[in-house]
Amino acid sequence: MKRTAAILLVGTWIGLSACCNPVVADELAGSHPSTFSATGTIIAKDKAGLTLKRGDYFVASYMTKVIIDDKPFRLVSLPIPCKARIEYTVKKKAQRKVATLIKVLEIPDGAKAGWPKPIPQ
């Protein structure tokens with residue numbers, strides 16, 4: 001009984017010291033990351049991410065949801081340039097903006113889907 005209490009006490013102390021020290025803890029275990037959104041014109045994309053006209057860069061992958069006219073699409077099908085709302089989370093450790101949802105608002109004439117030439121690695 002004493003050993004179990006000691007293990008719980010040490011485990012609690014380790015957990016508290018990790019969550020109170022921002023250098024050690026990235027986010028609290030079990031917490032949901034904060035979601036932000038940005039609206040702008042996407043002017044470039046590659047297999048690693050997207051760039052907005054004002055210079056913001058968002059990490060994106062094949063798992064990122066892309067919605068055009070309320071229908072799901074893949075990242076490769078995202079037309080460039082286009083006006084979109086990007087929902088993202090911020091990875092605190094690396095200070096990266098990771099796109100979770102891209103909702104296309106407007107597609108101008110001349111926008112093209114696919115990857116730019118040459119195909120990114």
# chains A, B, ... in the order shown; residues from 1 in each chain; ligands from 1
call {"tool": "residues_around", "arguments": {"residues": "A:Ile102", "least_positions_apart": "5", "cutoff": "10 Å", "atoms": "only C-alpha atoms", "output": "list of chain:residue names"}}
result
A:Ser37, A:Ala38, A:Thr39, A:Ala60, A:Thr64, A:Lys65, A:Val66, A:Ile67, A:Ile68, A:Pro72, A:Phe73, A:Leu75, A:Leu78, A:Ala84, A:Arg85, A:Ile86, A:Glu87, A:Tyr88
call {"tool": "write_last_selection", "arguments": {"atoms": "N, CA and C atoms", "output": "compact mmCIF listing (two decimals), in the first residue's frame"}}
result
# COMPACT_ATOMS: atom_id res chain seq x y z
N SER A 37 -8.04 30.48 -37.77
CA SER A 37 -8.35 30.51 -39.19
C SER A 37 -7.74 31.75 -39.83
N ALA A 38 -7.43 31.62 -41.11
CA ALA A 38 -6.90 32.73 -41.89
C ALA A 38 -7.57 32.69 -43.25
N THR A 39 -7.90 33.87 -43.77
CA THR A 39 -8.51 33.96 -45.08
C THR A 39 -7.60 34.77 -45.98
N ALA A 60 0.85 21.37 -44.89
CA ALA A 60 -0.31 20.60 -45.30
C ALA A 60 0.16 19.24 -45.81
N THR A 64 -4.93 16.64 -45.17
CA THR A 64 -5.61 17.91 -45.00
C THR A 64 -6.89 17.92 -45.81
N LYS A 65 -8.01 18.26 -45.17
CA LYS A 65 -9.30 18.30 -45.86
C LYS A 65 -9.38 19.55 -46.73
N VAL A 66 -9.80 19.36 -47.98
CA VAL A 66 -10.02 20.46 -48.92
C VAL A 66 -11.48 20.40 -49.34
N ILE A 67 -12.19 21.51 -49.18
CA ILE A 67 -13.61 21.59 -49.52
C ILE A 67 -13.80 22.63 -50.61
N ILE A 68 -14.36 22.20 -51.75
CA ILE A 68 -14.69 23.11 -52.85
C ILE A 68 -16.16 22.88 -53.17
N PRO A 72 -15.73 17.31 -50.85
CA PRO A 72 -14.33 17.08 -50.48
C PRO A 72 -13.45 16.81 -51.71
N PHE A 73 -12.24 17.35 -51.67
CA PHE A 73 -11.24 17.14 -52.72
C PHE A 73 -9.91 16.82 -52.07
N LEU A 75 -5.66 17.51 -51.87
CA LEU A 75 -4.79 18.67 -51.95
C LEU A 75 -4.28 18.90 -53.37
N LEU A 78 -6.49 21.12 -55.48
CA LEU A 78 -6.68 22.51 -55.08
C LEU A 78 -6.18 23.43 -56.19
N ALA A 84 -9.25 31.36 -50.18
CA ALA A 84 -9.69 30.28 -49.30
C ALA A 84 -9.61 30.69 -47.83
N ARG A 85 -10.36 29.97 -47.01
CA ARG A 85 -10.24 30.09 -45.56
C ARG A 85 -9.52 28.84 -45.08
N ILE A 86 -8.42 29.03 -44.36
CA ILE A 86 -7.63 27.92 -43.88
C ILE A 86 -7.78 27.84 -42.36
N GLU A 87 -8.24 26.70 -41.88
CA GLU A 87 -8.26 26.45 -40.44
C GLU A 87 -6.99 25.70 -40.11
N TYR A 88 -6.32 26.12 -39.03
CA TYR A 88 -5.03 25.53 -38.70
C TYR A 88 -4.81 25.50 -37.20
call {"tool": "residues_around", "arguments": {"residues": "A:Asp109", "least_positions_apart": "4", "cutoff": "12 Å", "atoms": "only C-alpha atoms", "output": "MDAnalysis selection string"}}
result
chainID A and resid 79:83
call {"tool": "write_last_selection", "arguments": {"atoms": "N, CA and C atoms", "output": "PDB file, in the first residue's frame"}}
result
ATOM      1  N   PRO A  79      -7.070  24.253 -56.776  1.00  0.00           N
ATOM      2  CA  PRO A  79      -6.632  25.149 -57.846  1.00  0.00           C
ATOM      3  C   PRO A  79      -5.818  26.322 -57.289  1.00  0.00           C
ATOM      4  N   ILE A  80      -4.790  26.706 -58.035  1.00  0.00           N
ATOM      5  CA  ILE A  80      -3.916  27.797 -57.624  1.00  0.00           C
ATOM      6  C   ILE A  80      -3.929  28.835 -58.737  1.00  0.00           C
ATOM      7  N   PRO A  81      -4.113  30.087 -58.468  1.00  0.00           N
ATOM      8  CA  PRO A  81      -4.440  30.705 -57.185  1.00  0.00           C
ATOM      9  C   PRO A  81      -5.925  30.549 -56.864  1.00  0.00           C
ATOM     10  N   CYS A  82      -6.266  30.715 -55.590  1.00  0.00           N
ATOM     11  CA  CYS A  82      -7.663  30.703 -55.168  1.00  0.00           C
ATOM     12  C   CYS A  82      -7.773  31.412 -53.827  1.00  0.00           C
ATOM     13  N   LYS A  83      -8.941  31.953 -53.575  1.00  0.00           N
ATOM     14  CA  LYS A  83      -9.213  32.574 -52.285  1.00  0.00           C
ATOM     15  C   LYS A  83      -9.798  31.489 -51.394  1.00  0.00           C
TER      16      LYS A  83
END
call {"tool": "decode", "arguments": {"residues": "stretch 87-104 of chain A", "atoms": "N, CA and C atoms", "output": "PDB file, in the first residue's frame"}}
result
ATOM      1  N   GLU A  87      -8.241  26.700 -41.879  1.00  0.00           N
ATOM      2  CA  GLU A  87      -8.264  26.449 -40.441  1.00  0.00           C
ATOM      3  C   GLU A  87      -6.991  25.698 -40.109  1.00  0.00           C
ATOM      4  N   TYR A  88      -6.322  26.115 -39.033  1.00  0.00           N
ATOM      5  CA  TYR A  88      -5.030  25.530 -38.700  1.00  0.00           C
ATOM      6  C   TYR A  88      -4.805  25.495 -37.196  1.00  0.00           C
ATOM      7  N   THR A  89      -3.871  24.672 -36.794  1.00  0.00           N
ATOM      8  CA  THR A  89      -3.397  24.633 -35.418  1.00  0.00           C
ATOM      9  C   THR A  89      -1.933  25.047 -35.424  1.00  0.00           C
ATOM     10  N   VAL A  90      -1.445  25.483 -34.273  1.00  0.00           N
ATOM     11  CA  VAL A  90      -0.049  25.886 -34.164  1.00  0.00           C
ATOM     12  C   VAL A  90       0.685  24.854 -33.318  1.00  0.00           C
ATOM     13  N   LYS A  91       1.709  24.249 -33.894  1.00  0.00           N
ATOM     14  CA  LYS A  91       2.568  23.334 -33.146  1.00  0.00           C
ATOM     15  C   LYS A  91       3.547  24.193 -32.365  1.00  0.00           C
ATOM     16  N   LYS A  92       3.374  24.230 -31.059  1.00  0.00           N
ATOM     17  CA  LYS A  92       4.122  25.156 -30.221  1.00  0.00           C
ATOM     18  C   LYS A  92       5.632  24.920 -30.256  1.00  0.00           C
ATOM     19  N   LYS A  93       6.032  23.670 -30.262  1.00  0.00           N
ATOM     20  CA  LYS A  93       7.452  23.368 -30.212  1.00  0.00           C
ATOM     21  C   LYS A  93       8.182  23.877 -31.453  1.00  0.00           C
ATOM     22  N   ALA A  94       7.637  23.632 -32.608  1.00  0.00           N
ATOM     23  CA  ALA A  94       8.286  24.010 -33.864  1.00  0.00           C
ATOM     24  C   ALA A  94       7.789  25.359 -34.397  1.00  0.00           C
ATOM     25  N   GLN A  95       6.763  25.951 -33.756  1.00  0.00           N
ATOM     26  CA  GLN A  95       6.161  27.197 -34.224  1.00  0.00           C
ATOM     27  C   GLN A  95       5.724  27.106 -35.685  1.00  0.00           C
ATOM     28  N   ARG A  96       5.061  25.987 -36.027  1.00  0.00           N
ATOM     29  CA  ARG A  96       4.553  25.769 -37.384  1.00  0.00           C
ATOM     30  C   ARG A  96       3.043  25.861 -37.380  1.00  0.00           C
ATOM     31  N   LYS A  97       2.498  26.402 -38.454  1.00  0.00           N
ATOM     32  CA  LYS A  97       1.053  26.429 -38.647  1.00  0.00           C
ATOM     33  C   LYS A  97       0.691  25.216 -39.493  1.00  0.00           C
ATOM     34  N   VAL A  98      -0.138  24.336 -38.940  1.00  0.00           N
ATOM     35  CA  VAL A  98      -0.507  23.098 -39.623  1.00  0.00           C
ATOM     36  C   VAL A  98      -1.972  23.195 -40.055  1.00  0.00           C
ATOM     37  N   ALA A  99      -2.196  23.199 -41.362  1.00  0.00           N
ATOM     38  CA  ALA A  99      -3.551  23.308 -41.910  1.00  0.00           C
ATOM     39  C   ALA A  99      -4.340  22.037 -41.628  1.00  0.00           C
ATOM     40  N   THR A 100      -5.565  22.197 -41.143  1.00  0.00           N
ATOM     41  CA  THR A 100      -6.444  21.058 -40.902  1.00  0.00           C
ATOM     42  C   THR A 100      -7.623  21.042 -41.875  1.00  0.00           C
ATOM     43  N   LEU A 101      -8.012  22.217 -42.377  1.00  0.00           N
ATOM     44  CA  LEU A 101      -9.131  22.328 -43.313  1.00  0.00           C
ATOM     45  C   LEU A 101      -8.902  23.521 -44.234  1.00  0.00           C
ATOM     46  N   ILE A 102      -9.128  23.308 -45.517  1.00  0.00           N
ATOM     47  CA  ILE A 102      -9.034  24.384 -46.497  1.00  0.00           C
ATOM     48  C   ILE A 102     -10.387  24.482 -47.182  1.00  0.00           C
ATOM     49  N   LYS A 103     -11.070  25.598 -47.001  1.00  0.00           N
ATOM     50  CA  LYS A 103     -12.389  25.830 -47.607  1.00  0.00           C
ATOM     51  C   LYS A 103     -12.211  26.873 -48.695  1.00  0.00           C
ATOM     52  N   VAL A 104     -12.354  26.454 -49.950  1.00  0.00           N
ATOM     53  CA  VAL A 104     -12.171  27.353 -51.090  1.00  0.00           C
ATOM     54  C   VAL A 104     -13.392  28.255 -51.212  1.00  0.00           C
TER      55      VAL A 104
END
